[in-house]
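Printed here is protein.tsv (TSV, C-alpha atoms):
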```
chain	number	residue	atom	x	y	z
A	1	MET	CA	-11.39	-60.28	-36.63
A	2	LYS	CA	-8.44	-60.87	-38.89
A	3	ASN	CA	-10.43	-63.08	-41.27
A	4	LYS	CA	-14.03	-64.08	-41.61
A	5	ILE	CA	-14.39	-67.52	-40.09
A	6	GLY	CA	-16.74	-68.78	-42.75
A	7	SER	CA	-14.41	-67.88	-45.61
A	8	SER	CA	-11.09	-68.92	-44.08
A	9	ARG	CA	-11.88	-72.02	-42.02
A	10	ALA	CA	-11.15	-74.53	-44.80
A	11	LYS	CA	-7.80	-72.97	-45.62
A	12	SER	CA	-6.80	-72.80	-41.97
A	13	ARG	CA	-7.75	-76.44	-41.39
A	14	ASP	CA	-5.56	-77.48	-44.31
A	15	LEU	CA	-2.67	-75.54	-42.86
A	16	ASP	CA	-3.38	-76.89	-39.40
A	17	SER	CA	-3.33	-80.48	-40.59
A	18	SER	CA	-0.12	-80.06	-42.57
A	19	THR	CA	1.79	-78.38	-39.75
A	20	ALA	CA	0.78	-81.12	-37.33
A	21	VAL	CA	2.71	-83.79	-39.24
A	22	GLY	CA	5.84	-84.99	-37.47
A	23	MET	CA	5.40	-82.83	-34.37
A	24	THR	CA	5.35	-84.23	-30.83
A	25	HIS	CA	4.05	-82.82	-27.61
A	26	THR	CA	7.55	-83.04	-26.13
A	27	ASN	CA	8.87	-80.81	-28.89
A	28	ASN	CA	6.17	-78.25	-28.19
A	29	VAL	CA	6.96	-78.24	-24.46
A	30	ASN	CA	10.66	-77.69	-25.19
A	31	PHE	CA	9.99	-74.76	-27.51
A	32	LYS	CA	7.61	-73.30	-24.91
A	33	GLN	CA	10.61	-73.05	-22.59
A	34	VAL	CA	12.38	-71.00	-25.23
A	35	ILE	CA	9.38	-68.75	-25.87
A	36	VAL	CA	8.64	-67.96	-22.22
A	37	THR	CA	12.28	-67.32	-21.30
A	38	PHE	CA	12.77	-65.16	-24.39
A	39	PHE	CA	9.62	-63.25	-23.47
A	40	PHE	CA	10.96	-62.55	-19.99
A	41	VAL	CA	14.28	-61.35	-21.38
A	42	ALA	CA	12.52	-59.27	-24.04
A	43	ILE	CA	10.39	-57.47	-21.46
A	44	LEU	CA	13.46	-56.76	-19.32
A	45	GLY	CA	15.36	-55.57	-22.38
A	46	LEU	CA	12.53	-53.19	-23.22
A	47	GLY	CA	12.64	-51.94	-19.66
A	48	ILE	CA	16.33	-51.13	-19.93
A	49	TRP	CA	15.73	-49.25	-23.18
A	50	TYR	CA	12.85	-47.32	-21.75
A	51	ALA	CA	14.81	-46.47	-18.63
A	52	LYS	CA	17.36	-44.76	-20.91
A	53	ASN	CA	14.69	-42.94	-22.87
A	54	ARG	CA	13.68	-39.79	-20.99
A	55	GLN	CA	10.45	-39.51	-22.97
A	56	ALA	CA	9.22	-42.95	-21.86
A	57	GLN	CA	7.43	-41.72	-18.76
A	58	ASN	CA	4.59	-44.22	-18.93
A	59	ILE	CA	6.67	-47.35	-18.53
A	60	VAL	CA	8.68	-45.74	-15.75
A	61	SER	CA	5.47	-44.97	-13.89
A	62	GLY	CA	4.53	-48.61	-14.29
A	63	VAL	CA	7.81	-49.71	-12.75
A	64	VAL	CA	7.53	-47.46	-9.71
A	65	SER	CA	3.84	-48.19	-9.09
A	66	SER	CA	2.43	-51.28	-7.43
A	67	PRO	CA	1.66	-53.86	-10.18
A	68	ILE	CA	-1.71	-54.65	-8.64
A	69	ASP	CA	-2.71	-51.00	-9.14
A	70	VAL	CA	-1.64	-50.92	-12.80
A	71	LEU	CA	-2.22	-54.37	-14.27
A	72	LYS	CA	-5.57	-55.88	-15.10
A	73	ASN	CA	-6.10	-58.67	-12.60
A	74	THR	CA	-8.66	-60.98	-11.03
A	75	ILE	CA	-8.33	-61.15	-7.25
A	76	GLY	CA	-4.66	-60.20	-7.48
A	77	VAL	CA	-3.79	-62.55	-10.38
A	78	THR	CA	-2.76	-61.36	-13.86
A	79	ASN	CA	-2.77	-63.85	-16.74
A	80	VAL	CA	-0.72	-63.32	-19.90
A	81	LEU	CA	-1.05	-65.59	-22.95
A	82	LEU	CA	2.18	-66.16	-24.90
A	83	LEU	CA	1.79	-67.29	-28.50
A	84	GLY	CA	4.63	-68.51	-30.70
A	85	ILE	CA	4.10	-68.34	-34.47
A	86	GLY	CA	6.26	-69.14	-37.48
A	87	GLY	CA	5.65	-65.77	-39.08
A	88	GLU	CA	6.25	-64.66	-42.65
A	89	GLY	CA	7.74	-67.33	-44.89
A	90	HIS	CA	6.45	-70.26	-42.84
A	91	GLU	CA	3.50	-72.43	-43.81
A	92	GLY	CA	0.57	-71.65	-41.51
A	93	SER	CA	2.39	-68.47	-40.50
A	94	ASP	CA	-0.23	-67.29	-37.98
A	95	LEU	CA	-1.11	-70.67	-36.47
A	96	THR	CA	0.03	-70.68	-32.86
A	97	ASP	CA	2.07	-73.84	-32.45
A	98	THR	CA	3.25	-72.60	-29.05
A	99	MET	CA	0.65	-71.57	-26.48
A	100	LEU	CA	1.59	-70.84	-22.90
A	101	LEU	CA	-0.30	-69.03	-20.16
A	102	VAL	CA	1.81	-67.08	-17.67
A	103	SER	CA	-0.10	-66.45	-14.45
A	104	PHE	CA	1.32	-63.81	-12.10
A	105	ASN	CA	0.14	-63.89	-8.48
A	106	LEU	CA	0.78	-60.24	-7.64
A	107	MET	CA	0.27	-60.75	-3.92
A	108	SER	CA	2.52	-63.77	-3.34
A	109	ASN	CA	5.05	-62.80	-6.07
A	110	LYS	CA	4.81	-66.24	-7.65
A	111	LEU	CA	4.36	-67.29	-11.23
A	112	SER	CA	2.68	-70.32	-12.80
A	113	LEU	CA	3.12	-71.57	-16.37
A	114	ILE	CA	0.31	-73.52	-18.00
A	115	SER	CA	1.19	-75.36	-21.21
A	116	LEU	CA	-1.68	-75.59	-23.70
A	117	PRO	CA	-1.46	-78.37	-26.33
A	118	ARG	CA	-2.19	-76.81	-29.71
A	119	ASP	CA	-4.40	-79.72	-30.80
A	120	ILE	CA	-7.18	-79.12	-28.26
A	121	TRP	CA	-10.53	-79.09	-30.08
A	122	LEU	CA	-12.77	-76.23	-28.97
A	123	PRO	CA	-16.46	-76.86	-29.80
A	124	SER	CA	-17.39	-73.17	-29.88
A	125	LEU	CA	-14.62	-72.54	-32.41
A	126	LYS	CA	-15.28	-75.75	-34.34
A	127	ALA	CA	-11.54	-76.00	-34.81
A	128	LYS	CA	-8.31	-76.59	-32.95
A	129	ILE	CA	-7.24	-74.00	-30.42
A	130	ASN	CA	-4.14	-73.08	-32.44
A	131	THR	CA	-6.37	-71.54	-35.14
A	132	ALA	CA	-7.95	-68.97	-32.81
A	133	TYR	CA	-5.33	-66.29	-33.50
A	134	HIS	CA	-5.71	-66.92	-37.24
A	135	TYR	CA	-9.46	-66.41	-37.04
A	136	GLY	CA	-9.72	-63.48	-34.67
A	137	GLY	CA	-6.37	-62.17	-33.49
A	138	LEU	CA	-5.46	-61.65	-29.83
A	139	ASP	CA	-9.05	-61.20	-28.63
A	140	LEU	CA	-10.30	-64.53	-29.94
A	141	ALA	CA	-7.13	-66.30	-28.79
A	142	LYS	CA	-7.65	-64.96	-25.26
A	143	SER	CA	-11.33	-65.80	-25.07
A	144	SER	CA	-10.73	-69.29	-26.48
A	145	VAL	CA	-8.01	-70.08	-23.96
A	146	SER	CA	-10.16	-68.68	-21.16
A	147	GLU	CA	-12.91	-71.05	-22.23
A	148	ILE	CA	-10.52	-74.00	-21.96
A	149	ILE	CA	-8.95	-73.22	-18.59
A	150	GLY	CA	-11.85	-71.45	-16.90
A	151	ILE	CA	-10.03	-68.27	-15.84
A	152	PRO	CA	-9.77	-64.80	-17.42
A	153	VAL	CA	-6.90	-64.02	-19.80
A	154	HIS	CA	-5.96	-60.36	-19.37
A	155	TYR	CA	-3.21	-59.89	-21.97
A	156	ALA	CA	-1.70	-61.67	-24.97
A	157	VAL	CA	1.60	-61.49	-26.85
A	158	THR	CA	2.75	-63.14	-30.08
A	159	ILE	CA	6.34	-63.42	-31.26
A	160	ASP	CA	7.66	-65.06	-34.43
A	161	PHE	CA	10.86	-66.88	-35.35
A	162	GLN	CA	12.33	-63.87	-37.14
A	163	GLY	CA	11.95	-61.76	-34.01
A	164	PHE	CA	14.08	-64.29	-32.20
A	165	VAL	CA	16.68	-64.14	-34.97
A	166	ARG	CA	16.79	-60.33	-35.09
A	167	ALA	CA	17.03	-60.00	-31.31
A	168	ILE	CA	20.13	-62.21	-31.20
A	169	ASP	CA	21.67	-60.29	-34.08
A	170	ALA	CA	20.90	-57.00	-32.30
A	171	VAL	CA	23.17	-57.93	-29.38
A	172	GLY	CA	25.97	-59.08	-31.69
A	173	GLY	CA	25.28	-62.81	-31.62
A	174	ILE	CA	25.78	-65.32	-28.82
A	175	ASP	CA	28.43	-67.83	-27.76
A	176	VAL	CA	27.11	-71.36	-27.28
A	177	GLU	CA	28.94	-74.48	-26.09
A	178	VAL	CA	28.10	-77.31	-28.53
A	179	ASP	CA	28.29	-80.57	-26.58
A	180	ARG	CA	28.56	-82.95	-29.55
A	181	THR	CA	29.35	-82.71	-33.24
A	182	PHE	CA	26.19	-83.50	-35.21
A	183	ASP	CA	24.55	-83.40	-38.63
A	184	ASP	CA	20.90	-82.89	-39.52
A	185	TYR	CA	20.04	-83.63	-43.16
A	186	GLU	CA	16.33	-82.83	-42.84
A	187	TYR	CA	16.10	-79.25	-41.61
A	188	PRO	CA	13.04	-77.77	-43.40
A	189	ILE	CA	13.52	-74.78	-45.69
A	190	PRO	CA	10.64	-72.27	-45.30
A	191	GLY	CA	8.53	-72.01	-48.44
A	192	MET	CA	9.89	-75.25	-49.93
A	193	GLU	CA	7.41	-77.63	-48.27
A	194	ASN	CA	5.98	-78.96	-51.57
A	195	THR	CA	9.10	-78.80	-53.72
A	196	GLU	CA	10.16	-81.80	-55.79
A	197	PRO	CA	12.31	-83.75	-55.40
A	198	VAL	CA	11.72	-84.15	-51.67
A	199	THR	CA	15.42	-83.65	-50.91
A	200	ALA	CA	15.11	-80.05	-52.12
A	201	ARG	CA	12.84	-79.28	-49.15
A	202	TYR	CA	15.66	-79.60	-46.65
A	203	GLU	CA	19.09	-78.21	-45.90
A	204	HIS	CA	22.03	-79.94	-44.27
A	205	LEU	CA	23.02	-78.59	-40.84
A	206	HIS	CA	26.42	-79.32	-39.31
A	207	PHE	CA	27.73	-78.24	-35.91
A	208	ASP	CA	31.16	-78.98	-34.45
A	209	VAL	CA	31.77	-79.64	-30.76
A	210	GLY	CA	33.06	-76.69	-28.75
A	211	LYS	CA	32.24	-73.04	-28.16
A	212	THR	CA	30.61	-71.55	-31.24
A	213	HIS	CA	29.69	-67.95	-31.98
A	214	MET	CA	26.22	-67.93	-33.53
A	215	ASN	CA	24.23	-65.24	-35.27
A	216	GLY	CA	20.44	-65.31	-35.00
A	217	THR	CA	19.86	-67.60	-37.97
A	218	MET	CA	22.40	-70.17	-36.81
A	219	ALA	CA	21.10	-70.06	-33.24
A	220	LEU	CA	17.53	-70.70	-34.39
A	221	LYS	CA	18.65	-73.68	-36.49
A	222	PHE	CA	20.70	-75.03	-33.58
A	223	ALA	CA	17.69	-74.74	-31.28
A	224	ARG	CA	15.08	-76.15	-33.69
A	225	SER	CA	16.97	-79.05	-35.28
A	226	ARG	CA	14.83	-82.21	-34.87
A	227	HIS	CA	16.41	-84.82	-37.14
A	228	ALA	CA	20.05	-84.92	-36.12
A	229	ILE	CA	21.85	-88.23	-36.41
A	230	GLY	CA	22.63	-89.89	-33.06
A	231	GLU	CA	21.97	-88.52	-29.57
A	232	GLU	CA	21.33	-84.98	-30.76
A	233	GLY	CA	18.27	-86.25	-32.62
A	234	THR	CA	16.40	-86.87	-29.37
A	235	ASP	CA	13.86	-84.50	-27.85
A	236	PHE	CA	15.92	-84.40	-24.66
A	237	ALA	CA	19.02	-83.15	-26.48
A	238	ARG	CA	16.94	-80.63	-28.41
A	239	GLY	CA	15.55	-79.25	-25.17
A	240	ILE	CA	19.06	-78.81	-23.78
A	241	ARG	CA	20.17	-76.99	-26.94
A	242	GLN	CA	17.23	-74.62	-26.69
A	243	GLN	CA	18.06	-73.83	-23.09
A	244	LYS	CA	21.68	-73.19	-24.07
A	245	VAL	CA	20.55	-70.65	-26.67
A	246	VAL	CA	18.22	-68.87	-24.25
A	247	PHE	CA	20.80	-68.71	-21.47
A	248	ALA	CA	23.50	-67.51	-23.86
A	249	PHE	CA	21.16	-64.77	-25.07
A	250	ARG	CA	20.32	-63.78	-21.50
A	251	ASN	CA	24.01	-63.64	-20.58
A	252	LYS	CA	24.79	-61.52	-23.64
A	253	LEU	CA	21.90	-59.18	-22.93
A	254	PHE	CA	23.02	-58.48	-19.37
A	255	ASN	CA	26.67	-58.20	-20.31
A	256	THR	CA	27.98	-54.69	-19.59
A	257	GLY	CA	28.88	-54.34	-23.27
A	258	THR	CA	25.19	-54.64	-24.09
A	259	ILE	CA	23.43	-53.08	-21.12
A	260	PHE	CA	25.48	-49.89	-21.41
A	261	SER	CA	25.28	-49.73	-25.20
A	262	PHE	CA	22.31	-47.59	-26.17
A	263	SER	CA	22.69	-48.60	-29.83
A	264	LYS	CA	22.42	-52.32	-29.00
A	265	ILE	CA	19.49	-51.85	-26.66
A	266	ASP	CA	17.80	-49.58	-29.18
A	267	GLY	CA	18.35	-52.21	-31.89
A	268	LEU	CA	17.02	-54.92	-29.58
A	269	LYS	CA	13.91	-52.88	-28.86
A	270	ALA	CA	13.33	-52.29	-32.58
A	271	SER	CA	13.85	-55.95	-33.47
A	272	ILE	CA	11.48	-57.15	-30.76
A	273	PHE	CA	8.72	-54.67	-31.53
A	274	SER	CA	8.81	-55.57	-35.22
A	275	SER	CA	7.93	-59.18	-34.37
A	276	LEU	CA	5.59	-58.65	-31.43
A	277	ASN	CA	1.86	-58.25	-31.45
A	278	LEU	CA	0.60	-57.38	-27.98
A	279	ASP	CA	-2.18	-55.58	-26.15
A	280	ILE	CA	-0.08	-54.30	-23.22
A	281	THR	CA	0.35	-50.55	-22.68
A	282	PRO	CA	3.76	-49.04	-21.78
A	283	SER	CA	2.79	-48.54	-18.13
A	284	GLU	CA	1.57	-52.14	-17.96
A	285	GLN	CA	4.86	-53.29	-19.51
A	286	GLY	CA	6.61	-51.46	-16.69
A	287	SER	CA	4.52	-53.27	-14.11
A	288	LEU	CA	5.24	-56.62	-15.76
A	289	ILE	CA	8.95	-55.86	-15.52
A	290	LYS	CA	8.52	-55.14	-11.83
A	291	SER	CA	6.52	-58.33	-11.34
A	292	LEU	CA	9.27	-60.37	-13.01
A	293	LEU	CA	11.91	-58.76	-10.83
A	294	ASN	CA	9.78	-59.40	-7.73
A	295	LEU	CA	9.91	-63.15	-8.39
A	296	GLY	CA	13.32	-63.24	-6.78
A	297	SER	CA	14.27	-66.75	-7.92
A	298	THR	CA	13.15	-69.60	-10.15
A	299	SER	CA	11.86	-71.40	-7.05
A	300	ASN	CA	8.86	-69.08	-7.28
A	301	ILE	CA	7.97	-70.44	-10.73
A	302	THR	CA	5.81	-73.56	-11.13
A	303	SER	CA	4.75	-75.36	-14.30
A	304	LEU	CA	1.39	-77.02	-14.90
A	305	THR	CA	0.48	-79.41	-17.69
A	306	LEU	CA	-2.93	-80.42	-19.02
A	307	THR	CA	-1.76	-83.53	-20.86
A	308	ASN	CA	-3.36	-85.96	-18.38
A	309	TYR	CA	-6.76	-84.32	-18.79
A	310	PHE	CA	-7.12	-84.86	-22.53
A	311	MET	CA	-7.50	-87.84	-24.83
A	312	THR	CA	-7.48	-88.53	-28.57
A	313	PRO	CA	-10.88	-89.69	-29.89
A	314	LYS	CA	-10.93	-92.76	-32.12
A	315	ASN	CA	-13.63	-91.30	-34.33
A	316	THR	CA	-12.25	-88.19	-36.02
A	317	TYR	CA	-15.28	-87.55	-38.22
A	318	PRO	CA	-16.78	-84.90	-35.87
A	319	TYR	CA	-13.43	-83.08	-36.00
A	320	ALA	CA	-13.02	-82.77	-39.77
A	321	GLY	CA	-10.82	-85.87	-39.80
A	322	GLN	CA	-8.09	-84.14	-37.79
A	323	TRP	CA	-5.99	-85.54	-34.95
A	324	VAL	CA	-7.34	-83.64	-31.95
A	325	LEU	CA	-7.47	-83.64	-28.17
A	326	ILE	CA	-10.71	-83.57	-26.19
A	327	PRO	CA	-11.35	-83.70	-22.40
A	328	LYS	CA	-11.16	-87.18	-20.87
A	329	THR	CA	-14.14	-86.36	-18.69
A	330	SER	CA	-15.32	-82.73	-18.81
A	331	TRP	CA	-14.24	-79.11	-19.14
A	332	GLU	CA	-15.38	-78.61	-15.54
A	333	GLU	CA	-12.74	-81.06	-14.30
A	334	ILE	CA	-10.04	-79.08	-16.12
A	335	HIS	CA	-11.34	-75.80	-14.71
A	336	ALA	CA	-11.32	-77.25	-11.18
A	337	TYR	CA	-7.73	-78.48	-11.58
A	338	ILE	CA	-6.49	-75.09	-12.78
A	339	ALA	CA	-8.33	-73.21	-10.02
A	340	LYS	CA	-6.95	-75.54	-7.32
A	341	GLU	CA	-3.36	-75.29	-8.51
A	342	LEU	CA	-3.38	-71.52	-8.94
A	343	ASN	CA	-5.07	-70.95	-5.58
A	344	SER	CA	-2.30	-72.92	-3.88
A	345	GLN	CA	0.37	-70.57	-5.18
```

Take the structure in the file and give it back as structure tokens.
Amino acid sequence: MKNKIGSSRAKSRDLDSSTAVGMTHTNNVNFKQVIVTFFFVAILGLGIWYAKNRQAQNIVSGVVSSPIDVLKNTIGVTNVLLLGIGGEGHEGSDLTDTMLLVSFNLMSNKLSLISLPRDIWLPSLKAKINTAYHYGGLDLAKSSVSEIIGIPVHYAVTIDFQGFVRAIDAVGGIDVEVDRTFDDYEYPIPGMENTEPVTARYEHLHFDVGKTHMNGTMALKFARSRHAIGEEGTDFARGIRQQKVVFAFRNKLFNTGTIFSFSKIDGLKASIFSSLNLDITPSEQGSLIKSLLNLGSTSNITSLTLTNYFMTPKNTYPYAGQWVLIPKTSWEEIHAYIAKELNSQ
């Protein structure tokens, strides 16, 4: 375990409560889209690098083998937990504000995404689910999520904001079409959360309409901006901006100038690995690449949400005074819903 639960629980709860302020479930869902797409592109990028590296025999063997023979699975289904964290320099740096389960059906070549609200209260943990990684790393995060959804979690991956920034810089930046000129006067500065006066906690962002070349830092700000004046201050607009960043990164990655540049791919691999924490072997990475390629099209990807199965209790005393989510009826109902949906894929 990364920290002893007894000694770190109070600190983590304080961090958890502070990071919850001002966040919405819609924002979390939008950033989940960024995380999962970036994860897919990252795995493919690693595959390209490994394919060029003659010493990387393990991942190549994973690519040429049948995924069901290489990957851990339960009746032909492999589940990977994706965790998005702020990372160094962000308050609550190892609290997982983004939690998404990616379920690969290796027999039907279909994929299901299950969004997990970070505020779910887990009785066995006596804390919110987004503290599991803080308390016990990947193992506790996997077992905690498995307890919530009722199915095994075979692998887990974390990636932080700086990994996203470095990956974009590694491919030479991206070109993004900005739909509207906008200003955001309340973009938080990491590490300045308690600075006085309050205005010193934020920086002013400005983007002009039109095609804009962005480095990693600018792209992250463009994607995360939440307090823009006018239409760009809506969650809908923010979601579109995030998709633009992801698609621009994907296009740049698969541009011939990148794919055939060993230095760029090598830099991408280094930038990703420096921000990833995962329990997937090289051969298993190869099989995941093959599974992603086997999907064929986005029509083979479905998204599930648990929002309708949770409620906010009026009495927060049993939950350390925190805003939390608990099952409307029972954990068994949630397990039955997940099992039904995944079995239909």

Would you work out the distance separating CA of Thr316 in chain A from CA of Leu83 in chain A, expressed in Å to one decimal?
-> 26.3 Å

Counting only C-alpha atoms, the option among A:Gln322, A:Asn73, A:Ser66, A:Asn315 closest to Val153 in chain A =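 Closest to Val153 in chain A of all the choices is A:Asn73.
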
Rank A:Asp175, A:Tyr319, A:Leu292, A:Trp331 by their smallest atom-to-atom distance to Lys126 in chain A, using all atoms listed in the file, and report the top residue only.
->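 Using all atoms listed in the file, the shortest distance to Lys126 in chain A belongs to A:Tyr319.
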
Rounded to one decimal place, report the CA of Pro123 in chain A-CA of Tyr337 in chain A distance in Å.
->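 About the pair CA of Pro123 in chain A and CA of Tyr337 in chain A: they are 20.3 Å apart.
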
Smallest atom-to-atom distance to Arg241 in chain A: which of A:Ser108, A:Ser225, A:Ser283, A:Ser65, using all atoms listed in the file?
->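 Under the stated criterion, the closest residue is A:Ser225.
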
Choose the residue, out of A:Ser330, A:Thr181, A:Asn130, A:Ser146, that has the smallest atom-to-atom separation from Thr212 in chain A; count all atoms listed in the file.
->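 Of all the options, A:Thr181 lies closest to Thr212 in chain A.
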
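Going from CA of Glu232 in chain A to CA of His204 in chain A covers 14.4 Å.
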
With all atoms of range 224-237 of chain A from the file as input, state the centre and edge lengths in Å to one decimal of the axis-aligned box that has 6 Å extra on each side, as lines of an AutoDock Vina configuration file.
```
center_x = 18.2
center_y = -83.0
center_z = -30.9
size_x = 20.8
size_y = 25.7
size_z = 24.5
```

Which one is closest to Ile301 in chain A: A:Lys269, A:Arg226, A:Lys110, A:His134? Count only C-alpha atoms.
->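 Comparing A:Lys269, A:Arg226, A:Lys110, A:His134 against Ile301 in chain A, the winner is A:Lys110.
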
For Pro152 in chain A, please output as number ranges by chain all residues within 12 Å (counting only C-alpha atoms; exclusion window: fewer than 6 positions along the same chain).
-> A: 72-75, 77-81, 101-103, 139, 141-146, 335, 338-339

In terms of the shortest atom-to-atom distance over all atoms listed in the file, which of A:Thr131, A:Asn300, A:Thr281, A:Gln162 is closest to Leu106 in chain A?
-> A:Asn300
